[in-house]
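Novice: File name work.cif; file contents mmCIF, C-alpha atoms; full text below.
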```
data_target
#
loop_
_atom_site.label_atom_id
_atom_site.label_comp_id
_atom_site.auth_asym_id
_atom_site.auth_seq_id
_atom_site.Cartn_x
_atom_site.Cartn_y
_atom_site.Cartn_z
CA MET A 1 -35.85 -17.07 -38.01
CA ALA A 2 -33.61 -18.47 -35.31
CA THR A 3 -30.73 -18.79 -37.74
CA ASN A 4 -30.85 -15.16 -38.81
CA PRO A 5 -27.80 -13.58 -37.21
CA MET A 6 -29.42 -10.15 -37.36
CA HIS A 7 -32.50 -11.17 -35.46
CA GLN A 8 -30.80 -10.54 -32.12
CA PHE A 9 -30.64 -6.82 -32.89
CA HIS A 10 -34.39 -6.51 -33.28
CA VAL A 11 -36.06 -3.93 -31.07
CA HIS A 12 -39.58 -4.68 -29.97
CA ARG A 13 -42.00 -3.08 -27.61
CA ILE A 14 -42.49 -4.41 -24.10
CA GLY A 15 -45.78 -3.38 -22.52
CA PRO A 16 -48.08 -0.60 -23.70
CA GLU A 17 -47.37 1.95 -26.39
CA ILE A 18 -46.28 5.31 -24.92
CA LYS A 19 -46.51 8.36 -27.14
CA ILE A 20 -45.53 11.98 -26.60
CA GLY A 21 -46.99 13.95 -29.47
CA ASN A 22 -45.96 12.13 -32.58
CA PHE A 23 -43.04 10.39 -30.90
CA ASP A 24 -43.20 6.79 -29.84
CA ILE A 25 -41.24 6.35 -26.63
CA SER A 26 -42.54 2.91 -25.71
CA PHE A 27 -40.52 0.75 -23.37
CA THR A 28 -38.61 -1.71 -25.54
CA ASN A 29 -36.17 -4.55 -25.00
CA ALA A 30 -33.41 -2.01 -25.63
CA SER A 31 -34.80 0.20 -22.85
CA PHE A 32 -35.07 -2.87 -20.65
CA PHE A 33 -31.39 -3.68 -21.08
CA MET A 34 -30.38 -0.06 -20.51
CA VAL A 35 -32.30 -0.11 -17.24
CA THR A 36 -30.85 -3.52 -16.37
CA SER A 37 -27.31 -2.27 -17.02
CA VAL A 38 -27.82 0.77 -14.84
CA LEU A 39 -29.39 -1.30 -12.08
CA THR A 40 -26.51 -3.78 -12.24
CA ILE A 41 -24.02 -0.93 -12.04
CA LEU A 42 -25.83 0.66 -9.11
CA ILE A 43 -26.17 -2.64 -7.23
CA PHE A 44 -22.51 -3.38 -7.84
CA PHE A 45 -21.39 0.02 -6.60
CA TYR A 46 -23.87 -0.05 -3.74
CA PHE A 47 -22.18 -3.15 -2.38
CA GLY A 48 -18.77 -1.84 -3.44
CA THR A 49 -19.16 1.27 -1.29
CA LYS A 50 -21.26 -0.16 1.52
CA LYS A 51 -18.56 -1.19 3.95
CA ARG A 52 -15.93 1.50 3.35
CA ALA A 53 -13.31 -0.58 5.10
CA ILE A 54 -9.71 0.53 5.38
CA ILE A 55 -8.66 -2.91 4.17
CA PRO A 56 -11.12 -3.33 1.28
CA THR A 57 -13.37 -6.31 0.73
CA LYS A 58 -13.25 -7.97 -2.69
CA ILE A 59 -16.16 -6.08 -4.25
CA GLN A 60 -14.97 -2.85 -2.66
CA LEU A 61 -11.55 -3.45 -4.14
CA ILE A 62 -13.02 -3.86 -7.63
CA ALA A 63 -15.07 -0.67 -7.25
CA GLU A 64 -12.02 1.25 -6.03
CA LEU A 65 -9.80 -0.19 -8.74
CA THR A 66 -12.33 0.93 -11.37
CA TYR A 67 -12.32 4.38 -9.82
CA THR A 68 -8.53 4.68 -9.79
CA PHE A 69 -8.32 3.16 -13.29
CA ILE A 70 -10.59 5.83 -14.79
CA SER A 71 -9.10 8.56 -12.64
CA LYS A 72 -5.61 7.68 -13.83
CA MET A 73 -6.74 7.42 -17.45
CA ILE A 74 -8.24 10.91 -17.31
CA SER A 75 -5.29 12.53 -15.60
CA ASP A 76 -2.88 10.82 -18.01
CA THR A 77 -4.68 11.90 -21.19
CA ALA A 78 -6.41 15.15 -20.28
CA GLY A 79 -4.49 16.41 -17.27
CA SER A 80 -5.77 17.82 -13.99
CA LYS A 81 -8.13 20.28 -15.70
CA ALA A 82 -10.39 17.40 -16.67
CA LYS A 83 -11.27 16.65 -13.06
CA PRO A 84 -14.77 18.21 -13.20
CA TYR A 85 -15.66 15.84 -16.03
CA PHE A 86 -14.51 12.77 -14.13
CA ALA A 87 -18.02 11.71 -13.08
CA PHE A 88 -19.27 11.95 -16.66
CA ILE A 89 -16.44 9.93 -18.17
CA PHE A 90 -16.71 7.40 -15.37
CA SER A 91 -20.46 7.01 -16.02
CA LEU A 92 -19.81 6.77 -19.74
CA PHE A 93 -17.18 4.07 -19.39
CA ILE A 94 -19.09 2.02 -16.87
CA PHE A 95 -22.37 2.32 -18.84
CA VAL A 96 -20.81 1.24 -22.12
CA LEU A 97 -18.87 -1.53 -20.37
CA PHE A 98 -21.92 -2.98 -18.66
CA CYS A 99 -24.06 -2.71 -21.79
CA ASN A 100 -21.36 -4.55 -23.75
CA MET A 101 -20.90 -7.19 -21.07
CA LEU A 102 -24.61 -7.81 -20.54
CA GLY A 103 -24.85 -8.24 -24.30
CA MET A 104 -22.50 -11.19 -23.96
CA LEU A 105 -25.14 -13.14 -22.04
CA PRO A 106 -26.99 -15.55 -24.34
CA TYR A 107 -30.45 -14.35 -25.44
CA SER A 108 -29.75 -10.85 -24.16
CA PHE A 109 -29.81 -7.63 -26.14
CA THR A 110 -26.76 -5.47 -26.75
CA VAL A 111 -27.72 -1.83 -26.29
CA THR A 112 -24.46 -0.57 -27.77
CA SER A 113 -24.92 -2.56 -30.97
CA HIS A 114 -27.38 0.10 -32.13
CA ILE A 115 -25.96 3.01 -34.04
CA ILE A 116 -28.56 5.38 -32.69
CA VAL A 117 -27.49 4.75 -29.09
CA THR A 118 -23.77 5.12 -29.71
CA PHE A 119 -24.39 8.09 -31.97
CA VAL A 120 -26.40 9.94 -29.34
CA LEU A 121 -23.58 9.37 -26.83
CA ALA A 122 -20.96 10.45 -29.37
CA ILE A 123 -22.83 13.54 -30.58
CA PHE A 124 -23.43 14.58 -26.97
CA ILE A 125 -19.70 14.27 -26.28
CA PHE A 126 -18.90 16.12 -29.50
CA ILE A 127 -21.23 19.03 -28.74
CA GLY A 128 -20.16 19.12 -25.11
CA VAL A 129 -16.46 19.16 -25.97
CA THR A 130 -16.98 21.87 -28.60
CA ILE A 131 -18.88 24.05 -26.12
CA ILE A 132 -16.18 23.53 -23.47
CA GLY A 133 -13.52 24.43 -26.04
CA PHE A 134 -15.22 27.68 -27.04
CA LEU A 135 -15.95 28.58 -23.41
CA LYS A 136 -12.34 28.03 -22.37
CA HIS A 137 -10.57 29.61 -25.34
CA GLY A 138 -13.22 31.73 -27.06
CA LEU A 139 -12.60 32.00 -30.76
CA GLY A 140 -9.03 30.89 -30.06
CA TYR A 141 -10.42 27.38 -30.05
CA LEU A 142 -10.48 27.64 -33.84
CA LYS A 143 -6.67 27.46 -33.69
CA LEU A 144 -7.26 23.73 -33.23
CA PHE A 145 -7.77 23.59 -37.00
CA VAL A 146 -4.53 25.42 -37.74
CA PRO A 147 -1.59 23.18 -36.84
CA SER A 148 1.65 25.02 -36.19
CA GLY A 149 4.64 24.58 -38.48
CA VAL A 150 2.68 24.04 -41.67
CA PRO A 151 3.74 25.92 -44.84
CA ILE A 152 1.28 28.70 -45.73
CA ILE A 153 0.58 27.25 -49.17
CA LEU A 154 -0.64 24.02 -47.63
CA LEU A 155 -2.62 25.75 -44.91
CA PRO A 156 -6.04 25.99 -46.62
CA LEU A 157 -5.93 22.30 -47.45
CA ILE A 158 -4.80 21.31 -43.96
CA VAL A 159 -7.48 23.43 -42.34
CA ILE A 160 -10.18 21.80 -44.44
CA ILE A 161 -8.82 18.33 -43.58
CA GLU A 162 -8.67 19.24 -39.90
CA ILE A 163 -12.25 20.50 -39.94
CA ILE A 164 -13.48 17.36 -41.68
CA SER A 165 -11.61 15.16 -39.22
CA TYR A 166 -13.02 17.15 -36.32
CA LEU A 167 -16.57 16.87 -37.66
CA SER A 168 -16.18 13.16 -38.32
CA ARG A 169 -15.28 12.52 -34.69
CA PRO A 170 -18.82 11.68 -33.54
CA VAL A 171 -19.31 9.44 -36.55
CA SER A 172 -16.06 7.52 -36.04
CA LEU A 173 -16.62 7.29 -32.29
CA SER A 174 -20.15 5.93 -32.62
CA VAL A 175 -19.55 3.69 -35.62
CA ARG A 176 -16.48 2.13 -33.99
CA LEU A 177 -18.42 0.94 -30.95
CA PHE A 178 -21.58 -0.02 -32.84
CA ALA A 179 -19.75 -1.87 -35.61
CA ASN A 180 -17.54 -3.79 -33.20
CA MET A 181 -20.49 -4.89 -31.15
CA MET A 182 -22.66 -5.78 -34.11
CA ALA A 183 -19.92 -7.65 -35.98
CA GLY A 184 -18.91 -9.65 -32.93
CA HIS A 185 -22.43 -10.69 -32.04
CA THR A 186 -23.28 -11.50 -35.66
CA MET A 187 -20.21 -13.65 -35.93
CA LEU A 188 -21.06 -15.49 -32.72
CA LYS A 189 -24.54 -16.08 -34.01
CA VAL A 190 -23.28 -17.32 -37.39
CA PHE A 191 -20.91 -19.78 -35.77
CA GLY A 192 -23.66 -20.82 -33.36
CA GLY A 193 -25.84 -21.48 -36.39
CA PHE A 194 -23.07 -23.59 -37.94
CA VAL A 195 -22.93 -25.71 -34.82
CA VAL A 196 -26.63 -26.45 -35.08
CA SER A 197 -26.69 -27.08 -38.84
CA LEU A 198 -23.55 -29.24 -38.93
CA GLY A 199 -24.83 -31.34 -36.07
CA LEU A 200 -22.95 -33.84 -33.92
CA ILE A 201 -20.41 -34.81 -36.58
CA GLY A 202 -19.24 -31.51 -38.00
CA GLY A 203 -20.39 -29.14 -35.27
CA TRP A 204 -17.31 -29.39 -33.10
CA LEU A 205 -15.16 -27.13 -35.22
CA PRO A 206 -17.53 -24.13 -35.23
CA LEU A 207 -18.27 -24.84 -31.58
CA SER A 208 -14.62 -24.44 -30.67
CA PHE A 209 -14.55 -21.29 -32.78
CA SER A 210 -17.59 -20.11 -30.93
CA VAL A 211 -15.89 -20.63 -27.58
CA ALA A 212 -12.77 -18.80 -28.71
CA LEU A 213 -14.85 -15.98 -30.19
CA THR A 214 -16.76 -15.60 -26.94
CA GLY A 215 -13.48 -14.99 -25.17
CA LEU A 216 -12.45 -12.54 -27.85
CA GLU A 217 -15.80 -10.77 -27.67
CA ILE A 218 -15.49 -10.30 -23.91
CA LEU A 219 -12.10 -8.72 -24.52
CA VAL A 220 -13.59 -6.53 -27.27
CA ALA A 221 -16.47 -5.55 -24.98
CA PHE A 222 -14.00 -4.23 -22.42
CA LEU A 223 -11.65 -2.76 -25.00
CA GLN A 224 -14.36 -0.84 -26.84
CA ALA A 225 -15.67 0.65 -23.61
CA TYR A 226 -12.12 1.68 -22.78
CA VAL A 227 -11.51 3.09 -26.27
CA PHE A 228 -14.78 5.02 -26.12
CA ALA A 229 -13.80 6.55 -22.78
CA ILE A 230 -10.20 7.30 -23.71
CA LEU A 231 -11.19 8.95 -26.98
CA THR A 232 -13.60 11.12 -25.03
CA CYS A 233 -10.66 12.03 -22.79
CA ILE A 234 -8.52 12.89 -25.81
CA TYR A 235 -11.24 15.12 -27.30
CA LEU A 236 -11.65 16.74 -23.91
CA ASN A 237 -7.91 17.26 -23.75
CA ASP A 238 -8.05 19.13 -27.09
CA ALA A 239 -10.73 21.39 -25.68
CA LEU A 240 -9.05 21.99 -22.31
CA ASN A 241 -5.40 22.29 -23.29
CA LEU A 242 -5.11 23.77 -26.76
CA HIS A 243 -1.86 22.30 -28.04
CA HIS A 244 -1.78 23.41 -31.63
CA MET B 4 -15.60 -35.55 -45.88
CA LEU B 5 -14.46 -32.05 -46.72
CA LYS B 6 -16.86 -31.97 -49.64
CA LYS B 7 -19.69 -32.95 -47.33
CA PHE B 8 -18.71 -30.13 -45.00
CA PHE B 9 -18.92 -27.51 -47.74
CA ILE B 10 -22.21 -28.85 -48.96
CA LEU B 11 -23.53 -28.48 -45.41
CA ILE B 12 -22.29 -24.89 -45.26
CA ASN B 13 -23.97 -24.15 -48.57
CA LEU B 14 -27.16 -25.69 -47.30
CA PHE B 15 -26.99 -23.55 -44.19
CA GLN B 16 -26.41 -20.45 -46.27
CA LEU B 17 -29.44 -21.23 -48.37
CA PHE B 18 -31.57 -21.46 -45.25
CA SER B 19 -30.17 -18.33 -43.79
CA PHE B 20 -30.74 -16.35 -46.95
CA GLU B 21 -34.32 -17.43 -46.78
CA ALA B 22 -34.42 -16.13 -43.25
CA TYR B 23 -32.87 -12.84 -44.34
CA GLY B 24 -35.82 -12.35 -46.58
CA ALA B 25 -38.19 -12.36 -43.65
CA GLU B 26 -36.51 -9.39 -41.92
CA GLU B 27 -34.82 -6.82 -44.05
CA GLY B 28 -31.16 -6.07 -43.46
CA MET B 29 -29.99 -4.37 -40.30
CA PRO B 30 -32.61 -3.68 -37.64
CA GLN B 31 -30.31 -0.87 -36.45
CA LEU B 32 -31.25 1.21 -39.48
CA ASN B 33 -34.97 0.84 -38.88
CA PRO B 34 -36.00 4.21 -37.40
CA GLU B 35 -39.17 2.86 -35.83
CA TYR B 36 -37.83 2.88 -32.27
CA TRP B 37 -35.08 5.47 -32.58
CA VAL B 38 -36.91 8.10 -30.61
CA SER B 39 -37.71 5.58 -27.92
CA GLN B 40 -34.07 4.52 -27.70
CA ILE B 41 -32.85 8.13 -27.53
CA PHE B 42 -35.43 8.96 -24.90
CA TRP B 43 -34.63 5.98 -22.68
CA LEU B 44 -30.91 6.40 -23.16
CA ILE B 45 -31.09 10.01 -21.98
CA VAL B 46 -33.32 9.14 -19.01
CA VAL B 47 -31.30 6.13 -17.93
CA PHE B 48 -27.89 7.72 -18.46
CA THR B 49 -28.90 10.89 -16.63
CA ILE B 50 -30.09 8.84 -13.66
CA LEU B 51 -26.85 6.84 -13.70
CA TYR B 52 -24.75 10.01 -13.94
CA LEU B 53 -26.61 11.74 -11.12
CA ILE B 54 -26.45 8.78 -8.74
CA LEU B 55 -22.79 8.08 -9.50
CA SER B 56 -21.66 11.69 -9.22
CA LYS B 57 -23.77 12.58 -6.17
CA PHE B 58 -23.54 9.45 -4.07
CA ILE B 59 -21.18 6.74 -5.20
CA LEU B 60 -18.09 8.51 -6.54
CA PRO B 61 -17.71 10.89 -3.55
CA LYS B 62 -18.04 7.86 -1.30
CA ILE B 63 -15.26 5.99 -3.10
CA ASN B 64 -13.13 9.12 -3.24
CA GLY B 65 -13.68 9.76 0.46
CA ASN B 66 -12.76 6.23 1.31
CA LEU B 67 -9.60 6.39 -0.81
CA GLU B 68 -8.68 9.68 0.86
CA THR B 69 -9.25 8.35 4.37
CA ARG B 70 -7.17 5.31 3.53
CA LYS B 71 -4.39 7.51 2.22
CA SER B 72 -4.45 9.75 5.29
CA GLN B 73 -4.68 6.71 7.55
CA ILE B 74 -1.59 5.24 5.93
CA LEU B 75 0.22 8.56 6.28
CA ARG B 76 -0.81 8.82 9.91
CA ASN B 77 0.31 5.26 10.59
CA LEU B 78 3.66 5.99 8.96
CA GLU B 79 4.03 9.11 11.09
CA ASP B 80 3.16 7.15 14.21
CA ALA B 81 5.67 4.49 13.28
CA GLN B 82 8.34 7.16 12.82
CA LYS B 83 7.46 8.67 16.16
CA PHE B 84 7.61 5.34 17.91
CA LYS B 85 10.90 4.57 16.28
CA GLU B 86 12.38 7.85 17.49
CA GLU B 87 10.97 7.24 20.95
CA SER B 88 12.45 3.78 21.12
CA GLU B 89 15.80 5.11 19.96
CA LYS B 90 15.67 7.72 22.70
CA LYS B 91 14.77 5.04 25.22
CA ILE B 92 17.73 2.95 24.09
CA LYS B 93 20.00 5.94 24.52
CA ASP B 94 18.57 6.62 27.98
CA TYR B 95 19.03 3.00 28.89
CA GLU B 96 22.63 3.04 27.74
CA ALA B 97 23.29 6.22 29.71
CA ILE B 98 21.79 4.66 32.81
CA ILE B 99 23.89 1.53 32.37
CA ASN B 100 27.05 3.62 31.95
CA GLU B 101 26.22 5.66 35.00
CA ALA B 102 25.61 2.52 37.03
CA LYS B 103 28.88 1.06 35.85
CA GLN B 104 30.73 4.19 36.85
CA LYS B 105 29.00 4.24 40.19
CA ALA B 106 29.92 0.62 40.80
CA LYS B 107 33.51 1.38 39.89
CA SER B 108 33.70 4.33 42.25
CA ILE B 109 32.08 2.31 45.02
CA ILE B 110 34.63 -0.43 44.51
CA ASN B 111 37.46 2.10 44.58
CA ASP B 112 36.12 3.83 47.69
CA THR B 113 35.68 0.59 49.51
CA ARG B 114 39.13 -0.57 48.56
CA LYS B 115 40.61 2.70 49.79
CA LYS B 116 38.69 2.52 53.02
CA ILE B 117 39.71 -1.05 53.64
CA ASN B 118 43.32 -0.20 52.90
CA GLU B 119 43.21 2.72 55.29
CA ASP B 120 41.60 0.58 57.93
CA ILE B 121 44.24 -2.06 57.50
CA GLN B 122 46.96 0.59 57.72
CA VAL B 123 45.51 2.07 60.89
CA LYS B 124 45.15 -1.30 62.50
CA LYS B 125 48.64 -2.28 61.47
CA ASN B 126 50.09 0.90 62.92
CA HIS B 127 48.19 0.43 66.13
CA LEU B 128 49.35 -3.15 66.38
CA GLU B 129 52.93 -2.20 65.71
CA LYS B 130 52.80 0.44 68.42
CA GLU B 131 51.34 -2.03 70.87
CA ILE B 132 53.96 -4.60 70.02
CA GLU B 133 56.70 -2.02 70.46
CA SER B 134 55.41 -0.95 73.85
CA GLU B 135 55.11 -4.60 74.87
CA ILE B 136 58.69 -5.19 73.77
CA ASN B 137 59.87 -2.10 75.60
CA LYS B 138 58.09 -3.17 78.72
CA ALA B 139 59.56 -6.65 78.54
CA GLU B 140 63.00 -5.23 77.94
CA ASN B 141 62.67 -2.94 80.93
CA GLU B 142 61.53 -5.83 83.05
CA ILE B 143 64.46 -7.92 81.92
CA LYS B 144 66.80 -5.04 82.70
CA SER B 145 65.41 -4.50 86.14
CA LEU B 146 65.49 -8.25 86.72
CA LYS B 147 69.10 -8.33 85.69
CA LEU B 148 69.94 -5.47 88.00
CA SER B 149 68.12 -7.04 90.87
CA SER B 150 69.82 -10.36 90.11
CA VAL B 151 73.22 -8.68 90.52
CA ASP B 152 72.39 -7.72 94.09
CA SER B 153 71.15 -11.23 94.89
CA VAL B 154 74.26 -12.73 93.29
CA LYS B 155 76.42 -10.38 95.32
CA LYS B 156 74.59 -11.31 98.49
CA ILE B 157 74.82 -15.04 97.71
CA ALA B 158 78.48 -14.67 96.81
CA PHE B 159 79.17 -12.77 100.04
CA GLU B 160 77.34 -15.32 102.15
CA THR B 161 78.96 -18.27 100.37
CA SER B 162 82.41 -16.76 100.50
CA SER B 163 81.92 -15.88 104.24
CA LEU B 164 80.84 -19.42 104.95
CA ILE B 165 83.72 -20.92 102.95
CA ILE B 166 86.21 -18.70 104.69
CA LYS B 167 84.68 -19.58 108.08
CA GLU B 168 84.91 -23.28 107.27
CA ILE B 169 88.46 -23.08 105.98
CA LEU B 170 89.84 -20.59 108.43
CA ASN B 171 87.48 -21.29 111.20
CA ALA B 172 87.36 -17.75 112.07
CA ASP B 173 85.04 -14.91 111.57
CA LEU B 174 86.25 -12.41 109.17
CA ASN B 175 85.22 -8.88 109.08
CA SER B 176 82.13 -8.88 107.00
CA SER B 177 82.90 -5.54 105.50
CA ASN B 178 86.21 -6.85 104.21
CA VAL B 179 84.52 -9.84 102.62
CA SER B 180 81.90 -7.75 100.96
CA ALA B 181 84.55 -5.40 99.65
CA ILE B 182 86.40 -8.28 98.09
CA VAL B 183 83.22 -9.77 96.62
CA GLU B 184 82.30 -6.37 95.29
CA ASP B 185 85.62 -5.97 93.72
CA VAL B 186 85.59 -9.42 92.07
CA SER B 187 82.06 -9.09 90.93
CA LYS B 188 82.79 -5.71 89.45
CA LYS B 189 85.49 -7.28 87.36
CA LYS B 190 83.56 -10.46 86.40
CA LEU B 191 79.94 -9.52 86.38
CA ASP B 192 80.33 -7.16 83.48
CA LYS B 193 80.83 -10.20 81.34
CA TYR B 194 77.35 -11.47 82.12
CA LEU B 195 75.47 -8.27 82.11
#
```
As a first step, turn the structure in this file into structure tokens.
Specialist:
Amino acid sequence: MATNPMHQFHVHRIGPEIKIGNFDISFTNASFFMVTSVLTILIFFYFGTKKRAIIPTKIQLIAELTYTFISKMISDTAGSKAKPYFAFIFSLFIFVLFCNMLGMLPYSFTVTSHIIVTFVLAIFIFIGVTIIGFLKHGLGYLKLFVPSGVPIILLPLIVIIEIISYLSRPVSLSVRLFANMMAGHTMLKVFGGFVVSLGLIGGWLPLSFSVALTGLEILVAFLQAYVFAILTCIYLNDALNLHH
Amino acid sequence: MLKKFFILINLFQLFSFEAYGAEEGMPQLNPEYWVSQIFWLIVVFTILYLILSKFILPKINGNLETRKSQILRNLEDAQKFKEESEKKIKDYEAIINEAKQKAKSIINDTRKKINEDIQVKKNHLEKEIESEINKAENEIKSLKLSSVDSVKKIAFETSSLIIKEILNADLNSSNVSAIVEDVSKKKLDKYL
């Protein structure tokens, strides 16, 4: 069982079974790591905003750098109109980042390696962005599917492609994050298993791979959080500033 | 060695396939806890969003703003101080120039005054010397004049005595004096 690389993704109940109607909403290890991530974030930002010094302390500097990083990312990709959604995108980025990073701890659980979690986030973004688009532009938002400068003969085809690509956004957004996380952790586990099975003589090669992969996975954990946030910004940009 | 390595990998794979059998495929696709995950995700993310947007982000934003304004204010202050110091330097230079000019004028005034003083004193001295000279000259003149009379008298007495000795007779004194007068008139001019 310990050598099964998929075992780490198993969800199991912690504590009593909680049911609302037919739905089982028991507290699981996934819920535990969601709560842990949020608590870590809140503790980090509590200390990051506690002193409010003019010359920032180290933790304050990190908190402020994160703030300016996200703020700049939003204003660069979606412009000044996206300011009301700053808090949401910030929460999204920091939540995904901390879930990814906590997943890098040995024996922990990676919340974002579950398609259902990433898909709920992505579908929420998708629905939210679509609503914002229709509220801002009315039916004019449908112009998003009609790119300018396309010959009329090609238009029906292009519109269909555009609609499909628009509808596949939540799928691509969620699968990208989930697949990256799952693949990385599976790979780490596989190489970890090699280390054990090859023993003292042959285990050094997969061990060094394991070390290198851990570094890579930390990079991927950050990168995927960033990609998730920036794609949200790009979708938001489509809804706020209709370019087509 | 390499062969051994591959055999080991194969062995491992055998074991792991056995393990795969125990749990089927991807646990992610098992819908048993989907509702639970969705529920907890919504709860946890909403809490995170609310706390971040209501408490933490405004705090960070406020702090960044105060820092920005503080920096701006400091820059303004620095500019003000710079201008002030420049003004002070100008004032200082003006004061120095004024003092220099004052010193110059004082030197000039003093020099003028001293020169005038010297001139006045010189004039006074010259006048005094002149009057002294005049006085002395007058004295000499009067002395000379008075000396003529004494000379005449001595000459008269001497000549009367000489005549008396030689001639042994008294001559008329008026005659003698007339002669002496006459001679002295002719000769005395040479000495006076």
Novice: I want to know what sits within 9 Å of region 66-83 of chain B, based on all atoms listed in the file, with residues of the same chain fewer than 5 positions away left out; could you give that as a list in words?
Specialist: Thr49, Arg52, Ala53, Ile54, Ile55 and Glu64 of chain A; Pro61 and Ser88 of chain B
Novice: Taking only C-alpha atoms into account, report as an NGL selection string which residues of chain A lie within 6 Å of chain B.
Specialist: :A and (1 or 4 or 10 or 24-26 or 31 or 54 or 87 or 91 or 114)
Novice: Taking the file as I've supplied it (selection: the PyMOL selection byres ((chain A and resi 235) around 9)), which residues are included? Please answer as a list in words.
Specialist: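 Residues picked by the PyMOL selection byres ((chain A and resi 235) around 9): Ala78, Ile125, Phe126, Val129, Thr130, Arg169, Ile230, Leu231, Thr232, Cys233, Ile234, Leu236, Asn237, Asp238, Ala239 and Leu240 of chain A.
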Novice: Take CA of Lys50 (chain A) and CA of Tyr67 (chain A) and report the distance between them in Å, one decimal.
Specialist: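 Separating CA of Lys50 (chain A) from CA of Tyr67 (chain A) is a distance of 15.1 Å.
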Novice: Expressed in Å to a single decimal, how great is the separation between CA of Ile14 (chain A) and CA of Phe33 (chain A)?
Specialist: 11.5 Å
Novice: Within 10 Å of (-46.8, -0.2, -21.4) (coordinates as in the file), grab all the protein and nucleic acid residues, counting all atoms listed in the file, and write them out as a list in words.
Specialist: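 Residues found, by chain and rising number: Arg13, Ile14, Gly15, Pro16, Glu17, Ile18, Ser26, Phe27 and Thr28 of chain A.
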Novice: Write the residues you've just listed into a file as a CSV table (one decimal), in the frame of the given file, and include C-alpha atoms for each of them.
Specialist:
```
chain,number,residue,atom,x,y,z
A,13,ARG,CA,-42.0,-3.1,-27.6
A,14,ILE,CA,-42.5,-4.4,-24.1
A,15,GLY,CA,-45.8,-3.4,-22.5
A,16,PRO,CA,-48.1,-0.6,-23.7
A,17,GLU,CA,-47.4,2.0,-26.4
A,18,ILE,CA,-46.3,5.3,-24.9
A,26,SER,CA,-42.5,2.9,-25.7
A,27,PHE,CA,-40.5,0.8,-23.4
A,28,THR,CA,-38.6,-1.7,-25.5
```
Novice: Please, what distance in Å, to one decimal, runs between CA of Val211 (chain A) and CA of Phe191 (chain A)?
Specialist: 9.6 Å
Novice: Can you give me, as a VMD selection string, the residues this file yields under the PyMOL selection byres ((chain A and resi 95) around 12)?
Specialist: (chain A and resid 33 to 42 87 to 94 96 to 102 110 to 112 117 to 118 121 221 to 222 224 to 226 228 to 229) or (chain B and resid 44 47 to 52 55)
Novice: Tell me, as a list in words, which residues lie within 10 Å of Ile182 (chain B), counting all atoms listed in the file; anything in the same chain fewer than 5 positions away does not count.
Specialist: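 So, after excluding close chain neighbours, the residues are Phe159, Ser162, Ser176, Ser177, Ser187 and Lys188 of chain B.
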Novice: If we count all atoms listed in the file, what is near Ser80 (chain A) at a cut-off of 12 Å, once residues fewer than 3 positions away on the same chain are taken out, given as a compact mmCIF listing (two decimals) with C-alpha atoms, in the frame of the given file?
Specialist:
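As a result, part.txt now contains:
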```txt
# COMPACT_ATOMS: atom_id res chain seq x y z
CA SER A 71 -9.10 8.56 -12.64
CA LYS A 72 -5.61 7.68 -13.83
CA MET A 73 -6.74 7.42 -17.45
CA ILE A 74 -8.24 10.91 -17.31
CA SER A 75 -5.29 12.53 -15.60
CA ASP A 76 -2.88 10.82 -18.01
CA THR A 77 -4.68 11.90 -21.19
CA LYS A 83 -11.27 16.65 -13.06
CA PRO A 84 -14.77 18.21 -13.20
CA TYR A 85 -15.66 15.84 -16.03
CA PHE A 86 -14.51 12.77 -14.13
CA CYS A 233 -10.66 12.03 -22.79
CA LEU A 236 -11.65 16.74 -23.91
CA ASN A 237 -7.91 17.26 -23.75
CA LEU A 240 -9.05 21.99 -22.31
CA ASN A 241 -5.40 22.29 -23.29
```
Novice: Any chance you could work out the axis-aligned box around region 159-166 of chain A, listed atoms only, 6 Å on each side, giving centre and edge lengths in Å to one decimal, as JSON?
Specialist:
```
{"center_x": -10.5, "center_y": 19.3, "center_z": -40.4, "size_x": 18.0, "size_y": 20.3, "size_z": 20.1}
```
Novice: Counting all atoms listed in the file, find residues at most 8 Å from (-20.0, -4.4, -2.7) (file frame) and give them as a ChimeraX atom specification.
Specialist: /A:43-51,57-60,63
